[in-house]
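What follows is a short report on a single structure.
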Amino acid sequence: RETFKMAVPATLYAVQNNLLFIALSHLDSAVYQIVYQIKTLTTAMFAVFILRKQISKWQWFSLVLLAIGVAIVQLGVHSKSSVIESTQGGRGGGGEEEQLNNNDDTSSSSIQEQNPLKGICAILLACVSSGFAGIYFEKVLKQTKQSVWIRNIQLGLFGGGASILTMLIKDWSDLQELGFFHGYTPVVILVICLQASTGLIVAMVVKYTDNIVKAFAGALAIIGASMTSIYVFSFEADRNFVFGGILVVIASYIYGTRGPKKHTK
């Protein structure tokens with residue numbers, strides 16, 4: 001019975017991953033990054049409804065500020081990569097008129113294939129799924145005696161089963177032709193190991209703090225990773241990145257210092 005409690009978040013996480021894939025197929029990456037930050041607010045709402053968590057008005061303001069800050073940071077990264085791509089595209093051969101015609105053909109075909117309404121619906125459902133699954137997982141971790149390790153194994157069993165079922169349905173022909181381990185390079189294996197260790201760390205964060213703190217930690221991690229990229233990948237931080245980073249830091253400070261007042265007898 002305790003094991004099957006993890007079937008709910010595992011299934012929701014699998015559904016969420018597929019919804020995000022649909023959203024990416026129908027939305028521009030900038031729109032995707034902005035709308036997906038709603039997951040911070042859905043997480044807070046489910047924390048209030050399910051866990052009866054008290055959140056002050058200042059903390060609600062900080063959550064909105066956090067979502068805006070993360071969106072601006074990621075827009076800064078997106079805009080920078082777009083400039084690089086456009087610059088590289090401009091160096092190619094061929095006349096200007098031919099390039100414009102090719103761009104028109106490509107954009108028109110992509111517009112015909114994309115359905116923005118479908119993408120928005122998918123990403124909103126993913127935000128709701130993410131918020132509910134995270135809070136449900138937190139409730140199970142904090143209200144049962146099983147360790148974080150056991151809960152992660154249970155979550156992995158159900159999540160892996162749902163993912164394998166999806167893979168068999170969608171990619172059966174590719175599996176028959178190329179095999180299950182096609183594309184498993186050392187870099188891919190390293191990323192898998194890093195993701196697995198991240199899952200364990202996130203579970204510990206959720207157990208000993210909560211999902212909202214995890215959201216703030218994730219936002220600060222995005223900024224930290226981007227700052228590391230300045231030295232590793234020669235990334236140049238633009239105004240959006242700096243401004244968004246400042247908003248995230250301010251939001252973190254407000255959330256940590258403006259909690260609900262505790263009434264003492």
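Please note that chains go A, B, ... in the order of the structure tokens, that every chain numbers its residues from 1, and that ligands are numbered from 1 in the order shown.
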
- Query: Near segment 166-177 of chain A, within 10 Å and counting only C-alpha atoms, which residues show up once chain neighbours fewer than 4 positions away are dropped, as an MDAnalysis selection string?
  - Reply: chainID A and resid 14:15 18 160:162 181:182

- Task: Just the residues within 12 Å of Ala126 of chain A, please, counting only C-alpha atoms, with nothing from its chain fewer than 6 positions along; format it as a ChimeraX atom specification.
- Result: /A:12-24,32,35-40,42-43,119-120,132-134

Kindly save the residues from that selection, with N, CA, C and O atoms included, as an mmCIF file, in the first residue's frame.
```cif
data_model
loop_
_atom_site.group_PDB
_atom_site.id
_atom_site.type_symbol
_atom_site.label_atom_id
_atom_site.label_comp_id
_atom_site.auth_asym_id
_atom_site.auth_seq_id
_atom_site.Cartn_x
_atom_site.Cartn_y
_atom_site.Cartn_z
ATOM 1 N N LEU A 12 2.246 11.353 -12.791
ATOM 2 C CA LEU A 12 2.104 12.778 -13.122
ATOM 3 C C LEU A 12 3.387 13.345 -13.722
ATOM 4 O O LEU A 12 3.343 14.155 -14.658
ATOM 5 N N TYR A 13 4.551 12.927 -13.203
ATOM 6 C CA TYR A 13 5.813 13.394 -13.765
ATOM 7 C C TYR A 13 5.993 12.900 -15.199
ATOM 8 O O TYR A 13 6.496 13.626 -16.065
ATOM 9 N N ALA A 14 5.584 11.647 -15.461
ATOM 10 C CA ALA A 14 5.674 11.113 -16.822
ATOM 11 C C ALA A 14 4.751 11.878 -17.767
ATOM 12 O O ALA A 14 5.133 12.222 -18.892
ATOM 13 N N VAL A 15 3.532 12.167 -17.289
ATOM 14 C CA VAL A 15 2.581 12.953 -18.095
ATOM 15 C C VAL A 15 3.133 14.353 -18.333
ATOM 16 O O VAL A 15 3.052 14.899 -19.448
ATOM 17 N N GLN A 16 3.722 14.932 -17.291
ATOM 18 C CA GLN A 16 4.283 16.278 -17.407
ATOM 19 C C GLN A 16 5.377 16.351 -18.465
ATOM 20 O O GLN A 16 5.425 17.292 -19.270
ATOM 21 N N ASN A 17 6.263 15.360 -18.482
ATOM 22 C CA ASN A 17 7.346 15.351 -19.472
ATOM 23 C C ASN A 17 6.799 15.311 -20.898
ATOM 24 O O ASN A 17 7.318 15.995 -21.792
ATOM 25 N N ASN A 18 5.757 14.519 -21.108
ATOM 26 C CA ASN A 18 5.161 14.447 -22.448
ATOM 27 C C ASN A 18 4.433 15.740 -22.804
ATOM 28 O O ASN A 18 4.460 16.188 -23.959
ATOM 29 N N LEU A 19 3.799 16.364 -21.817
ATOM 30 C CA LEU A 19 3.135 17.648 -22.064
ATOM 31 C C LEU A 19 4.144 18.735 -22.422
ATOM 32 O O LEU A 19 3.893 19.566 -23.309
ATOM 33 N N LEU A 20 5.296 18.727 -21.753
ATOM 34 C CA LEU A 20 6.328 19.715 -22.060
ATOM 35 C C LEU A 20 6.885 19.503 -23.464
ATOM 36 O O LEU A 20 7.214 20.465 -24.173
ATOM 37 N N PHE A 21 6.993 18.250 -23.877
ATOM 38 C CA PHE A 21 7.451 17.972 -25.238
ATOM 39 C C PHE A 21 6.449 18.513 -26.265
ATOM 40 O O PHE A 21 6.842 19.103 -27.284
ATOM 41 N N ILE A 22 5.159 18.334 -25.988
ATOM 42 C CA ILE A 22 4.128 18.868 -26.883
ATOM 43 C C ILE A 22 4.197 20.394 -26.915
ATOM 44 O O ILE A 22 4.099 21.014 -27.982
ATOM 45 N N ALA A 23 4.378 21.000 -25.740
ATOM 46 C CA ALA A 23 4.448 22.464 -25.666
ATOM 47 C C ALA A 23 5.630 23.002 -26.464
ATOM 48 O O ALA A 23 5.511 23.993 -27.194
ATOM 49 N N LEU A 24 6.789 22.347 -26.334
ATOM 50 C CA LEU A 24 7.970 22.785 -27.081
ATOM 51 C C LEU A 24 7.770 22.654 -28.586
ATOM 52 O O LEU A 24 8.346 23.418 -29.364
ATOM 53 N N TYR A 32 7.635 29.616 -24.203
ATOM 54 C CA TYR A 32 7.700 28.428 -23.351
ATOM 55 C C TYR A 32 8.332 28.759 -21.991
ATOM 56 O O TYR A 32 7.795 28.402 -20.944
ATOM 57 N N VAL A 35 5.864 31.120 -19.821
ATOM 58 C CA VAL A 35 4.644 30.494 -19.311
ATOM 59 C C VAL A 35 4.970 29.402 -18.304
ATOM 60 O O VAL A 35 4.249 29.213 -17.314
ATOM 61 N N TYR A 36 6.088 28.698 -18.508
ATOM 62 C CA TYR A 36 6.412 27.572 -17.623
ATOM 63 C C TYR A 36 6.739 28.019 -16.203
ATOM 64 O O TYR A 36 6.703 27.218 -15.269
ATOM 65 N N GLN A 37 7.035 29.306 -16.014
ATOM 66 C CA GLN A 37 7.322 29.793 -14.660
ATOM 67 C C GLN A 37 6.065 29.839 -13.790
ATOM 68 O O GLN A 37 6.160 30.027 -12.571
ATOM 69 N N ILE A 38 4.894 29.638 -14.397
ATOM 70 C CA ILE A 38 3.653 29.572 -13.621
ATOM 71 C C ILE A 38 3.694 28.399 -12.647
ATOM 72 O O ILE A 38 2.983 28.383 -11.633
ATOM 73 N N LYS A 39 4.555 27.411 -12.907
ATOM 74 C CA LYS A 39 4.650 26.241 -12.018
ATOM 75 C C LYS A 39 5.020 26.659 -10.593
ATOM 76 O O LYS A 39 4.640 25.980 -9.627
ATOM 77 N N THR A 40 5.753 27.765 -10.444
ATOM 78 C CA THR A 40 6.085 28.251 -9.101
ATOM 79 C C THR A 40 4.823 28.633 -8.334
ATOM 80 O O THR A 40 4.674 28.310 -7.148
ATOM 81 N N THR A 42 1.641 27.582 -9.066
ATOM 82 C CA THR A 42 0.779 26.411 -8.853
ATOM 83 C C THR A 42 1.301 25.569 -7.691
ATOM 84 O O THR A 42 0.515 25.018 -6.911
ATOM 85 N N THR A 43 2.617 25.497 -7.557
ATOM 86 C CA THR A 43 3.197 24.767 -6.422
ATOM 87 C C THR A 43 2.794 25.413 -5.104
ATOM 88 O O THR A 43 2.416 24.730 -4.142
ATOM 89 N N GLY A 119 -0.160 24.376 -27.590
ATOM 90 C CA GLY A 119 1.059 24.484 -26.801
ATOM 91 C C GLY A 119 0.817 25.126 -25.459
ATOM 92 O O GLY A 119 1.332 24.666 -24.429
ATOM 93 N N ILE A 120 0.020 26.205 -25.422
ATOM 94 C CA ILE A 120 -0.289 26.891 -24.172
ATOM 95 C C ILE A 120 -1.069 25.967 -23.236
ATOM 96 O O ILE A 120 -0.779 25.890 -22.029
ATOM 97 N N PHE A 132 1.094 19.850 -8.363
ATOM 98 C CA PHE A 132 0.408 18.833 -7.562
ATOM 99 C C PHE A 132 1.334 17.668 -7.242
ATOM 100 O O PHE A 132 1.363 17.186 -6.091
ATOM 101 N N ALA A 133 2.093 17.196 -8.224
ATOM 102 C CA ALA A 133 2.993 16.064 -7.997
ATOM 103 C C ALA A 133 4.055 16.404 -6.957
ATOM 104 O O ALA A 133 4.374 15.583 -6.089
ATOM 105 N N GLY A 134 4.606 17.619 -7.040
ATOM 106 C CA GLY A 134 5.626 18.024 -6.081
ATOM 107 C C GLY A 134 5.097 18.089 -4.664
ATOM 108 O O GLY A 134 5.738 17.603 -3.725
#
```

- Item | All residues 7 Å or closer to Leu155 of chain A, only C-alpha atoms, same chain fewer than 6 positions away omitted, as a list in words |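 Close residues of Leu155 of chain A: Met6, Ala7 and Ala10 of chain A.
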
Save out the residues we just selected, all heavy atoms, as a tab-separated table (two decimals), in the first residue's frame.
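Below is the file that was written, selection27.tsv:
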```tsv
chain	number	residue	atom	x	y	z
A	6	MET	N	3.39	6.12	-4.35
A	6	MET	CA	4.31	6.81	-5.25
A	6	MET	C	3.89	6.70	-6.71
A	6	MET	O	4.50	7.32	-7.58
A	6	MET	CB	5.73	6.26	-5.08
A	6	MET	CG	6.28	6.39	-3.67
A	6	MET	SD	6.13	8.05	-3.00
A	6	MET	CE	7.18	8.95	-4.11
A	7	ALA	N	2.85	5.91	-6.98
A	7	ALA	CA	2.38	5.80	-8.37
A	7	ALA	C	1.77	7.11	-8.85
A	7	ALA	O	1.85	7.44	-10.04
A	7	ALA	CB	1.34	4.68	-8.47
A	10	ALA	N	4.67	9.67	-9.73
A	10	ALA	CA	5.44	9.11	-10.84
A	10	ALA	C	4.68	9.23	-12.16
A	10	ALA	O	5.24	9.63	-13.19
A	10	ALA	CB	5.77	7.64	-10.56
```

- Message: Restricting the calculation to only C-alpha atoms: of A:Val188, A:Leu65, A:Cys127, A:Val148, which residue gets closest to Met45 of chain A?
- Response: A:Cys127

- Task: Can you work out the spacing between atom CA of Gly159 of chain A and atom CA of Lys214 of chain A in Å, to one decimal?
- Result: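 Result for atom CA of Gly159 of chain A versus atom CA of Lys214 of chain A: 20.6 Å, one decimal.
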
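Counting from atom CA of Arg52 of chain A, the distance to atom CA of Arg1 of chain A is 24.6 Å.
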
- Could you pull the residues within 10 Å of Phe243 of chain A, counting only C-alpha atoms, minus those fewer than 6 positions along the same chain, as a ChimeraX atom specification? /A:69-70,72-73,76

- Item | segment 15-247 of chain A: residues DSSP assigns to alpha helix (DSSP H), reported as a PyMOL selection string | chain A and resi 15-26+29-36+38-51+57-90+96-113+116-143+148-170+172-178+186-208+211-232+239-247

- Message: I'd like to know which of A:Gln59, A:Asn115, A:Ser129, A:Gln154 is closest to His26 of chain A, using only C-alpha atoms.
- Response: A:Asn115

- Calculate how many Å separate atom CA of Glu113 of chain A from atom CA of Ser25 of chain A, rounding to one decimal. 8.9 Å

- Among listed residues A:Gly131, A:Ile246, A:Leu190, A:Met227, nearest Ile212 of chain A (using only C-alpha atoms):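 Among the listed residues, A:Gly131 lies closest to Ile212 of chain A.
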
List the spatial neighbours of segment 254-258 of chain A as a PDB file with C-alpha atoms, in the first residue's frame - criterion: any atom at most 12 Å away, only C-alpha atoms, same-chain residues fewer than 6 positions off excluded.
```pdb
ATOM      1  CA  GLN A  54       0.684  29.700   5.518  1.00  0.00           C
ATOM      2  CA  ILE A  55       2.091  32.164   2.992  1.00  0.00           C
ATOM      3  CA  SER A  56       2.107  35.885   3.694  1.00  0.00           C
ATOM      4  CA  LYS A  57       1.220  38.558   1.142  1.00  0.00           C
ATOM      5  CA  TRP A  58       4.881  39.529   0.897  1.00  0.00           C
ATOM      6  CA  GLN A  59       5.809  35.927   0.172  1.00  0.00           C
ATOM      7  CA  TRP A  60       3.179  35.725  -2.585  1.00  0.00           C
ATOM      8  CA  PHE A  61       4.689  38.880  -4.028  1.00  0.00           C
ATOM      9  CA  SER A  62       8.160  37.297  -3.853  1.00  0.00           C
ATOM     10  CA  LEU A  63       6.906  34.200  -5.711  1.00  0.00           C
ATOM     11  CA  VAL A  64       5.539  36.340  -8.533  1.00  0.00           C
ATOM     12  CA  LEU A  65       8.807  38.276  -8.557  1.00  0.00           C
ATOM     13  CA  LEU A  66      10.738  34.994  -8.685  1.00  0.00           C
ATOM     14  CA  ILE A 212       8.814  26.421  -2.538  1.00  0.00           C
ATOM     15  CA  VAL A 213      12.349  26.557  -1.154  1.00  0.00           C
ATOM     16  CA  ALA A 215      11.879  26.521  -6.471  1.00  0.00           C
ATOM     17  CA  PHE A 216      14.080  29.312  -5.120  1.00  0.00           C
ATOM     18  CA  LEU A 247      14.972  40.130  -9.191  1.00  0.00           C
ATOM     19  CA  VAL A 248      15.613  36.523  -8.154  1.00  0.00           C
TER      20      VAL A 248
END
```
